[in-house]
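Heads up: the structure comes next, in structure tokens.
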Amino acid sequence: MHLAMILAAMLAVTGTSRERELGGRWSWEERHRQLVSKIAENPEATYDIVFIGDGLTELMANVRQGNDAVFAEYFGKYRTFNLGIQGDRLENLVWRLENGALDGYRAKVFRIMAGSNNLPQKWPPAMLAEGVGRLVELICAKHPEAKIEIVAILPRADRRMPKGGMDRLQAANTLIAHLADGDSVTVVDPGSAFLEADGSLKRQYYRDGLHLSPDGYRALFAAEQSAIGKLLE
């Protein structure tokens, strides 16, 4: 089945499935509306970096978890906007980018970090890579002058990671690497920094096998600083 057909089918049940996963009082649609409204408060703004992704992106400057100081250390000098929403899968991100998340501002760099939440849905590697590629296409259509950094899917070993998930993750990252064009699209894969020699997770970098600790964010941000700097030149 073609990706567009799969995305359309999954979007039809996105809200209810994610409400069950994340709690009945949580609404991704309301969070999306809040972000779009925030964009509208500063029309024609220009950002150095716009972050697109799921909970790993939304929480990267979280004060309660102690991530804010690490984020400020690496990105505090830039004008940034965070479009991360917890629980987002690739199909959710496609919908959001098609429905207001790319409108009303300019950006020098878009940073994409997505796909991890599709692993429990057992998406095959080619489909994961194609989903990330679709995000790139949508950004390029609305912001042709912008540069794009793609962060490969990080290793994970939480209770929702299915059997064989790491193999599919690594295969997807191999395909995602081909999205780099040597010019406006760069792919950064920091995964090896998150693994021990035996292939297990470096637990000090994780809170629960999926979400990152402050040390994990420090390792992530350090791995991508060179790429971000070059894209912003």
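How things are named: the first chain in the structure tokens is A, the next is B, and so on; residues count from 1 in each chain; ligands count from 1 in the order shown.
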
Checklist line | Per-residue DSSP, segment 107-140 of chain A, filtered to helix (DSSP H, G or I), as JSON, numbers by chain | finding: {"A": [116, 117, 118, 125, 126, 127, 128, 129, 130, 131, 132, 133, 134, 135, 136, 137, 138, 139, 140]}

Margin query: Need the shell around segment 222-232 of chain A: protein/DNA/RNA residues with any atom at most 7 Å away, counting only C-alpha atoms. Skip same-chain ones fewer than 2 positions apart. Format as a PyMOL selection string?
Written below: chain A and resi 108-109+147+188+190+218-220

Checklist line | For His143 of chain A, the nearest of the candidates A:Val50, A:Ala114, A:Lys202, A:Ala193, counting only C-alpha atoms | finding: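 Smallest distance to His143 of chain A is found for A:Val50.
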
Next item on the list: Name the residues of segment 65-141 of chain A that come out as strand (DSSP E) in a backbone DSSP run; write them as number ranges by chain.
Entry: A: 80-82, 105-113

Expected file: the selected residues, N, CA and C atoms, as a PDB file, in the first residue's frame:
ATOM      1  N   THR A  80      14.584  30.279  18.520  1.00  0.00           N
ATOM      2  CA  THR A  80      14.061  28.940  18.251  1.00  0.00           C
ATOM      3  C   THR A  80      12.554  28.878  18.468  1.00  0.00           C
ATOM      4  N   PHE A  81      11.944  27.893  17.833  1.00  0.00           N
ATOM      5  CA  PHE A  81      10.529  27.602  18.049  1.00  0.00           C
ATOM      6  C   PHE A  81      10.374  26.090  18.082  1.00  0.00           C
ATOM      7  N   ASN A  82       9.686  25.595  19.108  1.00  0.00           N
ATOM      8  CA  ASN A  82       9.561  24.155  19.334  1.00  0.00           C
ATOM      9  C   ASN A  82       8.165  23.683  18.936  1.00  0.00           C
ATOM     10  N   TYR A 105       5.568  32.264   9.272  1.00  0.00           N
ATOM     11  CA  TYR A 105       6.898  32.614   9.760  1.00  0.00           C
ATOM     12  C   TYR A 105       7.928  32.131   8.743  1.00  0.00           C
ATOM     13  N   ARG A 106       9.190  32.536   8.956  1.00  0.00           N
ATOM     14  CA  ARG A 106      10.302  32.027   8.157  1.00  0.00           C
ATOM     15  C   ARG A 106      11.279  31.350   9.110  1.00  0.00           C
ATOM     16  N   ALA A 107      12.095  30.469   8.583  1.00  0.00           N
ATOM     17  CA  ALA A 107      13.095  29.783   9.404  1.00  0.00           C
ATOM     18  C   ALA A 107      14.350  29.527   8.585  1.00  0.00           C
ATOM     19  N   LYS A 108      15.485  29.665   9.233  1.00  0.00           N
ATOM     20  CA  LYS A 108      16.745  29.353   8.559  1.00  0.00           C
ATOM     21  C   LYS A 108      16.967  27.843   8.493  1.00  0.00           C
ATOM     22  N   VAL A 109      16.657  27.160   9.599  1.00  0.00           N
ATOM     23  CA  VAL A 109      16.866  25.714   9.676  1.00  0.00           C
ATOM     24  C   VAL A 109      15.660  25.045  10.320  1.00  0.00           C
ATOM     25  N   PHE A 110      15.214  23.947   9.732  1.00  0.00           N
ATOM     26  CA  PHE A 110      14.231  23.071  10.357  1.00  0.00           C
ATOM     27  C   PHE A 110      14.958  21.815  10.816  1.00  0.00           C
ATOM     28  N   ARG A 111      14.717  21.425  12.048  1.00  0.00           N
ATOM     29  CA  ARG A 111      15.357  20.232  12.598  1.00  0.00           C
ATOM     30  C   ARG A 111      14.278  19.181  12.837  1.00  0.00           C
ATOM     31  N   ILE A 112      14.354  18.086  12.107  1.00  0.00           N
ATOM     32  CA  ILE A 112      13.375  16.998  12.181  1.00  0.00           C
ATOM     33  C   ILE A 112      13.944  15.861  13.013  1.00  0.00           C
ATOM     34  N   MET A 113      13.153  15.412  13.994  1.00  0.00           N
ATOM     35  CA  MET A 113      13.516  14.230  14.774  1.00  0.00           C
ATOM     36  C   MET A 113      12.231  13.442  14.992  1.00  0.00           C
TER      37      MET A 113
END

Check: So how far away is atom CA of Pro125 of chain A from atom CA of Gly216 of chain A, in Å?
Finding: 24.5 Å

Note to self: When you look at Glu44 of chain A with a cut-off of 10 Å (counting only C-alpha atoms), what residues show up, excluding the ones that are within fewer than 3 positions of it in the same chain? I need them as JSON, numbers by chain.
What the structure shows: {"A": [39, 40, 41, 47, 103, 104, 105, 106]}

Next item on the list: Go through A:Val185, A:Ala171, A:Ala157, A:Ile52 and flag the residue nearest Ser200 of chain A, using only C-alpha atoms for the distances.
Entry: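 Between A:Val185, A:Ala171, A:Ala157, A:Ile52, the residue approaching Ser200 of chain A most closely is A:Ala157.
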
Just want the 8 Å neighbourhood of Val94 of chain A, counted on only C-alpha atoms, with same-chain residues fewer than 2 positions away dropped. Output as a short mmCIF file (atom, residue, chain, number, x, y, z; two decimals) with C-alpha atoms, in the first residue's frame.
data_model
loop_
_atom_site.label_atom_id
_atom_site.label_comp_id
_atom_site.auth_asym_id
_atom_site.auth_seq_id
_atom_site.Cartn_x
_atom_site.Cartn_y
_atom_site.Cartn_z
CA LEU A 90 4.95 10.43 11.38
CA GLU A 91 1.37 10.60 10.13
CA ASN A 92 0.53 13.12 12.86
CA ARG A 96 0.29 19.14 11.36
CA LEU A 97 2.67 20.43 8.70
CA GLU A 98 -0.19 20.39 6.21
CA ARG A 134 7.48 13.39 3.27
CA LEU A 135 8.20 15.85 6.09
CA LEU A 138 6.42 19.59 2.93
#

Notebook entry, point to check: When distances are computed from only C-alpha atoms, which of A:Pro214, A:Gly133, A:Pro155, A:Gly165 shows the smallest separation from Asp181 of chain A?
Noted result: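 The closest residue to Asp181 of chain A is A:Gly133.
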
Checklist line | Distance query His211 of chain A at most 10 Å, only C-alpha atoms, self and fewer than 4 positions along chain excluded, as a list in words | finding: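 Selected residues are Gly55, Leu56, Thr57, Leu59, Met60, Leu154, Arg156, Asp158, Tyr205, Tyr206, Arg207, Gly216 and Tyr217 of chain A.
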
Next item on the list: Name the residues in contact with segment 172-177 of chain A at a cut-off of 6 Å, using only C-alpha atoms, excluding same-chain residues fewer than 5 positions from it; report them as a list of chain:residue names.
Entry: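 Result of the neighbour search: A:Pro125, A:Ala129, A:Ala152, A:Val187.
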
Checklist line | Ile85 of chain A environment, 7 Å, only C-alpha atoms, sequence neighbours closer than 6 positions dropped, as number ranges by chain | finding: A: 53-55, 58

Notebook entry, point to check: How many Å lie between atom CA of Ser184 of chain A and atom CA of Gly84 of chain A, rounded to one decimal?
Noted result: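 Going from atom CA of Ser184 of chain A over to atom CA of Gly84 of chain A, I get 21.8 Å.
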